[in-house]
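Colleague: Attaching a single structure in structure tokens format; questions to follow.
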Amino acid sequence: MLLVLNSGSSTIKFEIFATPEIGSVASGIVERIGEAKGRLELRCGGAKMTEKSAAANHREALELVFEALREAGVLGGGIECLGVGHRIVHGGESFSEPVVVSKAVIDKIKKAAPLAPLHNPAAVEGIKAAGQVLPDVPQVAVFDTAFHQTMPPRAYRYALPAWCYRKHAIRRYGMHGTSHAYVARRAARQLRKPLEELKLITLHLGNGASVAAIDGGECVDTSMGLTPLEGLVMGTRSGDLDPAIPMFLIRETGRTAEDIDRLLNKESGLKGLCGENDVRGIVQKAEAGNEAAELALDIFCYRIRKYIGAYLAALGGADAVVFTAGIGENSAVVRSRTVRGLEQLGIVFDEDRNLEAGRREFSFHADESNVRLLVVATSEERAIAEATWELVGD
Ligand code: ADP
């Protein structure tokens, strides 16, 4: 078995995968770590178990997880954990692929903490906890940023004074890399062509959303930047905007930098535009004539279209556009509104195929389309398990 951990400051999400086939066996979450009233949820074989159980720190939380897994018969009785894969949000410029955890690796994750102040310290806690609970089990760090490290300087540098980059490492890093890399591999299988021969535009459209331009399996551009705020319109994030707007708001409203940070990350995007960030509800409201919902949907899809156009130019054409994550996999409305009217760019979609739901992987381009349109289900946890097995499996 392999354990995949996604450690937040007060939560640990976990998933257990069987080896070597990497099939999901159980998953769950520990919430409110460090508080008096905690909660553990375990989903296993179609059943869901929740219990109130307080954990003072990440080590105690992980002990609770193992206790629950043993009780459920997932571990123990000869079935052991062979490796732990950690999702790490920010690898800075130090990591371009998954690595086996060592002291030097932990130091570099800590060094990148200013770039992800909420996430990286929590990930280090998760690594330490796993080291204490499973001292002899190898651990692997898988970075959200790693896949994007192949971007050339013209894509990752901002047009700021050079010292901003040299002294403060301000550049575009990109996120969701594990997902973009995973769906690119799946898309190549669906297209029956080696990834090395394909130009792909991958759209990860979840609550957070980003686009990647992938040439021959290597990322050449992506829409998220120094932080996940740049690029597409998201559930609660603004995405691209005039960089003068934060200063304008500070001057005009007297709000602090922290207020503006919250406004841009938590109160903007779809939620800011129409009061809601779940695309299902927004589509329903838009269809019922709600103007704010209609505008939110329009801006959301228009932004994605602009990125498709930009990345077609960056790549010099593409073999396929790949939709993934909650919205990309499930919203036929978003897919059709995004790619409609792009025939001049070689993208012709087929609405009947687009509406065909219920499959994890399918295509919805018309036969005459130069660019294929694919839907691929992502699984960051599975991708982390695969990377972990590649490094620590026999
Ligand atoms: P994240 O992992 O970033 O939290 P997900 O990839 O799970 O996000 O995507 C969550 C989003 O997917 C939800 O906010 C919702 O808008 C959207 N979503 C999920 N199911 C559907 C559906 N059937 N139709 C439209 N949108 C959906």
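Naming works like this for the structure tokens: A, B, ... for the chains as they're shown, residue 1 at the start of each chain, ligands 1 onward in shown order.
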Quick one: contact table of chain A to ligand 1, 12 Å max, nearest atom pair and distance in Å to one decimal per residue, counting only C-alpha atoms and all ligand atoms, chain and number order, as JSON lines?

Modeller:
{"residue": "A:Asn6", "atom": "CA", "partner": "ligand 1", "partner_atom_place_in_ligand_line": "2 (O)", "distance": 11.9}
{"residue": "A:Lys13", "atom": "CA", "partner": "ligand 1", "partner_atom_place_in_ligand_line": "2 (O)", "distance": 11.9}
{"residue": "A:Met175", "atom": "CA", "partner": "ligand 1", "partner_atom_place_in_ligand_line": "3 (O)", "distance": 11.4}
{"residue": "A:His176", "atom": "CA", "partner": "ligand 1", "partner_atom_place_in_ligand_line": "3 (O)", "distance": 9.4}
{"residue": "A:Ser179", "atom": "CA", "partner": "ligand 1", "partner_atom_place_in_ligand_line": "6 (O)", "distance": 10.1}
{"residue": "A:Leu203", "atom": "CA", "partner": "ligand 1", "partner_atom_place_in_ligand_line": "6 (O)", "distance": 11.1}
{"residue": "A:His204", "atom": "CA", "partner": "ligand 1", "partner_atom_place_in_ligand_line": "6 (O)", "distance": 7.7}
{"residue": "A:Leu205", "atom": "CA", "partner": "ligand 1", "partner_atom_place_in_ligand_line": "6 (O)", "distance": 6.5}
{"residue": "A:Gly206", "atom": "CA", "partner": "ligand 1", "partner_atom_place_in_ligand_line": "9 (O)", "distance": 3.5}
{"residue": "A:Asn207", "atom": "CA", "partner": "ligand 1", "partner_atom_place_in_ligand_line": "3 (O)", "distance": 3.8}
{"residue": "A:Gly208", "atom": "CA", "partner": "ligand 1", "partner_atom_place_in_ligand_line": "3 (O)", "distance": 4.6}
{"residue": "A:Ala209", "atom": "CA", "partner": "ligand 1", "partner_atom_place_in_ligand_line": "3 (O)", "distance": 7.2}
{"residue": "A:Ser210", "atom": "CA", "partner": "ligand 1", "partner_atom_place_in_ligand_line": "3 (O)", "distance": 10.2}
{"residue": "A:Pro228", "atom": "CA", "partner": "ligand 1", "partner_atom_place_in_ligand_line": "3 (O)", "distance": 11.3}
{"residue": "A:Met234", "atom": "CA", "partner": "ligand 1", "partner_atom_place_in_ligand_line": "14 (O)", "distance": 9.0}
{"residue": "A:Gly235", "atom": "CA", "partner": "ligand 1", "partner_atom_place_in_ligand_line": "14 (O)", "distance": 6.4}
{"residue": "A:Thr236", "atom": "CA", "partner": "ligand 1", "partner_atom_place_in_ligand_line": "14 (O)", "distance": 9.6}
{"residue": "A:Arg237", "atom": "CA", "partner": "ligand 1", "partner_atom_place_in_ligand_line": "3 (O)", "distance": 11.5}
{"residue": "A:Gly269", "atom": "CA", "partner": "ligand 1", "partner_atom_place_in_ligand_line": "14 (O)", "distance": 11.6}
{"residue": "A:Leu270", "atom": "CA", "partner": "ligand 1", "partner_atom_place_in_ligand_line": "16 (O)", "distance": 9.4}
{"residue": "A:Lys271", "atom": "CA", "partner": "ligand 1", "partner_atom_place_in_ligand_line": "14 (O)", "distance": 10.3}
{"residue": "A:Glu276", "atom": "CA", "partner": "ligand 1", "partner_atom_place_in_ligand_line": "16 (O)", "distance": 9.2}
{"residue": "A:Asn277", "atom": "CA", "partner": "ligand 1", "partner_atom_place_in_ligand_line": "14 (O)", "distance": 5.9}
{"residue": "A:Asp278", "atom": "CA", "partner": "ligand 1", "partner_atom_place_in_ligand_line": "16 (O)", "distance": 3.5}
{"residue": "A:Val279", "atom": "CA", "partner": "ligand 1", "partner_atom_place_in_ligand_line": "16 (O)", "distance": 3.7}
{"residue": "A:Arg280", "atom": "CA", "partner": "ligand 1", "partner_atom_place_in_ligand_line": "25 (C)", "distance": 4.3}
{"residue": "A:Gly281", "atom": "CA", "partner": "ligand 1", "partner_atom_place_in_ligand_line": "16 (O)", "distance": 7.9}
{"residue": "A:Ile282", "atom": "CA", "partner": "ligand 1", "partner_atom_place_in_ligand_line": "16 (O)", "distance": 8.3}
{"residue": "A:Val283", "atom": "CA", "partner": "ligand 1", "partner_atom_place_in_ligand_line": "25 (C)", "distance": 7.8}
{"residue": "A:Gln284", "atom": "CA", "partner": "ligand 1", "partner_atom_place_in_ligand_line": "25 (C)", "distance": 9.9}
{"residue": "A:Leu297", "atom": "CA", "partner": "ligand 1", "partner_atom_place_in_ligand_line": "16 (O)", "distance": 11.0}
{"residue": "A:Phe300", "atom": "CA", "partner": "ligand 1", "partner_atom_place_in_ligand_line": "16 (O)", "distance": 11.5}
{"residue": "A:Phe323", "atom": "CA", "partner": "ligand 1", "partner_atom_place_in_ligand_line": "6 (O)", "distance": 11.1}
{"residue": "A:Thr324", "atom": "CA", "partner": "ligand 1", "partner_atom_place_in_ligand_line": "6 (O)", "distance": 7.8}
{"residue": "A:Ala325", "atom": "CA", "partner": "ligand 1", "partner_atom_place_in_ligand_line": "6 (O)", "distance": 3.9}
{"residue": "A:Gly326", "atom": "CA", "partner": "ligand 1", "partner_atom_place_in_ligand_line": "12 (O)", "distance": 3.3}
{"residue": "A:Ile327", "atom": "CA", "partner": "ligand 1", "partner_atom_place_in_ligand_line": "12 (O)", "distance": 4.2}
{"residue": "A:Gly328", "atom": "CA", "partner": "ligand 1", "partner_atom_place_in_ligand_line": "26 (N)", "distance": 7.6}
{"residue": "A:Glu329", "atom": "CA", "partner": "ligand 1", "partner_atom_place_in_ligand_line": "21 (C)", "distance": 7.6}
{"residue": "A:Asn330", "atom": "CA", "partner": "ligand 1", "partner_atom_place_in_ligand_line": "22 (C)", "distance": 4.4}
{"residue": "A:Ser331", "atom": "CA", "partner": "ligand 1", "partner_atom_place_in_ligand_line": "25 (C)", "distance": 4.1}
{"residue": "A:Ala332", "atom": "CA", "partner": "ligand 1", "partner_atom_place_in_ligand_line": "24 (N)", "distance": 7.6}
{"residue": "A:Val333", "atom": "CA", "partner": "ligand 1", "partner_atom_place_in_ligand_line": "25 (C)", "distance": 8.1}
{"residue": "A:Val334", "atom": "CA", "partner": "ligand 1", "partner_atom_place_in_ligand_line": "25 (C)", "distance": 8.0}
{"residue": "A:Arg335", "atom": "CA", "partner": "ligand 1", "partner_atom_place_in_ligand_line": "25 (C)", "distance": 10.1}
{"residue": "A:Leu355", "atom": "CA", "partner": "ligand 1", "partner_atom_place_in_ligand_line": "24 (N)", "distance": 11.7}
{"residue": "A:Ala357", "atom": "CA", "partner": "ligand 1", "partner_atom_place_in_ligand_line": "23 (N)", "distance": 9.6}
{"residue": "A:Gly358", "atom": "CA", "partner": "ligand 1", "partner_atom_place_in_ligand_line": "23 (N)", "distance": 10.2}
{"residue": "A:Val376", "atom": "CA", "partner": "ligand 1", "partner_atom_place_in_ligand_line": "6 (O)", "distance": 12.0}
{"residue": "A:Ala377", "atom": "CA", "partner": "ligand 1", "partner_atom_place_in_ligand_line": "6 (O)", "distance": 9.5}
{"residue": "A:Thr378", "atom": "CA", "partner": "ligand 1", "partner_atom_place_in_ligand_line": "6 (O)", "distance": 8.2}
{"residue": "A:Ser379", "atom": "CA", "partner": "ligand 1", "partner_atom_place_in_ligand_line": "6 (O)", "distance": 9.1}
{"residue": "A:Glu380", "atom": "CA", "partner": "ligand 1", "partner_atom_place_in_ligand_line": "2 (O)", "distance": 9.1}
{"residue": "A:Glu381", "atom": "CA", "partner": "ligand 1", "partner_atom_place_in_ligand_line": "2 (O)", "distance": 10.9}

Colleague: Can you pull out the residues contacting Gln344 (chain A)? Cut-off 12 Å, using only C-alpha atoms, and skip same-chain residues under 5 positions away; I want them as a tab-separated table (two decimals) with N, CA and C atoms, in the first residue's frame.

Modeller:
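This went into around_35.tsv:
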chain	number	residue	atom	x	y	z
A	309	GLY	N	-6.54	30.80	-27.21
A	309	GLY	CA	-5.98	31.54	-28.35
A	309	GLY	C	-4.51	31.85	-28.13
A	339	VAL	N	-15.47	26.77	-26.33
A	339	VAL	CA	-14.86	26.45	-27.64
A	339	VAL	C	-15.75	26.78	-28.84
A	369	SER	N	-12.55	18.50	-37.20
A	369	SER	CA	-11.75	19.41	-36.36
A	369	SER	C	-10.26	19.08	-36.46
A	370	ASN	N	-9.43	20.11	-36.66
A	370	ASN	CA	-7.98	19.89	-36.67
A	370	ASN	C	-7.47	19.64	-35.26
A	371	VAL	N	-8.08	20.35	-34.32
A	371	VAL	CA	-7.67	20.23	-32.92
A	371	VAL	C	-8.66	19.31	-32.23

Colleague: May I ask which of the residues A:Gly92, A:Pro20, A:Pro194, A:Gly239 is the closest one to Arg171 (chain A), counting only C-alpha atoms?

Modeller: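 Smallest distance to Arg171 (chain A) is found for A:Gly92.
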
Colleague: What's the separation between CA of Phe17 (chain A) and CA of Ala188 (chain A), in Å to one decimal place?

Modeller: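 So the answer is 23.7 Å.
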
Colleague: Have a look at A:Cys274, A:Leu342, A:Ala104, A:Ile260 and name the one nearest to Lys306 (chain A); count only C-alpha atoms.

Modeller: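 For Lys306 (chain A), the nearest of the given residues is A:Leu342.
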
Colleague: In Å to one decimal, how far is CA of Leu229 (chain A) from CA of His90 (chain A)?

Modeller: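 Taking CA of His90 (chain A) and CA of Leu229 (chain A), their separation equals 14.0 Å.
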
Colleague: Out of A:Glu390, A:Glu71, A:Glu351, A:Asp259, which residue has the shortest atom-to-atom distance to Ser363 (chain A) when counting only C-alpha atoms?

Modeller: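 So, comparing all the options, the nearest one is A:Glu351.
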
Colleague: Can you list, as a count of residues only, every protein, DNA or RNA residue that comes within 10 Å of Ile299 (chain A) when you count only C-alpha atoms, leaving out same-chain residues fewer than 6 positions away?

Modeller: 7

Colleague: Write out as a compact mmCIF listing (two decimals) with C-alpha atoms, in the first residue's frame which residues come within 10 Å of Gly217 (chain A) when counting only C-alpha atoms, dropping same-chain ones fewer than 5 positions away.

Modeller:
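And here is the file that came out, around.txt:
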# COMPACT_ATOMS: atom_id res chain seq x y z
CA PHE A 147 6.13 20.33 -13.96
CA THR A 150 10.67 23.65 -18.02
CA ALA A 181 1.24 16.39 -16.28
CA ALA A 184 -1.30 15.18 -20.59
CA ARG A 185 -0.11 11.56 -20.20
CA ALA A 188 -1.54 10.95 -25.18
CA PRO A 194 3.67 9.41 -27.87
CA LEU A 195 3.47 12.46 -25.60
CA GLU A 196 6.81 13.61 -27.10
CA GLU A 197 5.05 14.19 -30.46
CA LEU A 198 2.10 16.17 -29.14
CA LYS A 199 1.28 19.82 -28.54
CA LEU A 200 -1.40 20.07 -25.87

Colleague: For a quick check of understanding, using only C-alpha atoms, which of A:Trp163, A:Tyr156, A:Phe66, A:Tyr307 has the smallest distance to Val211 (chain A)?

Modeller: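 So, comparing all the options, the nearest one is A:Tyr307.
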
Colleague: Can you list every residue of region 91-112 of chain A that has an atom at most 6 Å from region 124-146 of chain A, with its nearest atom pair and the distance in Å to one decimal, using only C-alpha atoms, ordered by chain then number, as CSV?

Modeller:
residue,atom,partner,partner_atom,distance
A:Gly91,CA,A:Phe143,CA,5.8
A:Phe95,CA,A:Ala146,CA,5.6
A:Ser96,CA,A:Ala146,CA,4.1
A:Glu97,CA,A:Ala146,CA,5.4
A:Pro98,CA,A:Val142,CA,4.5
A:Val99,CA,A:Ala141,CA,5.5
A:Val100,CA,A:Val140,CA,4.3
A:Val101,CA,A:Val140,CA,5.3

Colleague: Quick one: pull the distance between CA of Ile109 (chain A) and CA of Arg157 (chain A), Å, one decimal.

Modeller: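 So the answer is 21.6 Å.
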
Colleague: Of the candidates A:Gly254, A:Leu391, A:Asn57, A:Ala385, which shows the shortest atom-to-atom distance to Ile22 (chain A), using only C-alpha atoms?

Modeller: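 Of A:Gly254, A:Leu391, A:Asn57, A:Ala385, the one nearest Ile22 (chain A), counting only C-alpha atoms, is A:Ala385.
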
Colleague: Please list as a VMD selection string every residue within 9 Å of Cys219 (chain A), counting only C-alpha atoms and excluding residues in the same chain fewer than 3 positions away.

Modeller: chain A and resid 147 to 151 177 180 to 181 212 to 216 222

Colleague: Quick one: of A:Lys285, A:Arg255, A:His86, A:His119, who's nearest to Ile384 (chain A), counting only C-alpha atoms?

Modeller: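 Selected residue with least distance to Ile384 (chain A): A:His86.
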
Colleague: As a PyMOL selection string, please: every residue in region 170-387 of chain A that a backbone DSSP assignment puts in strand (DSSP E or B).

Modeller: chain A and resi 199-205+209-215+218-222+320-324+349+361-363+365+372-376
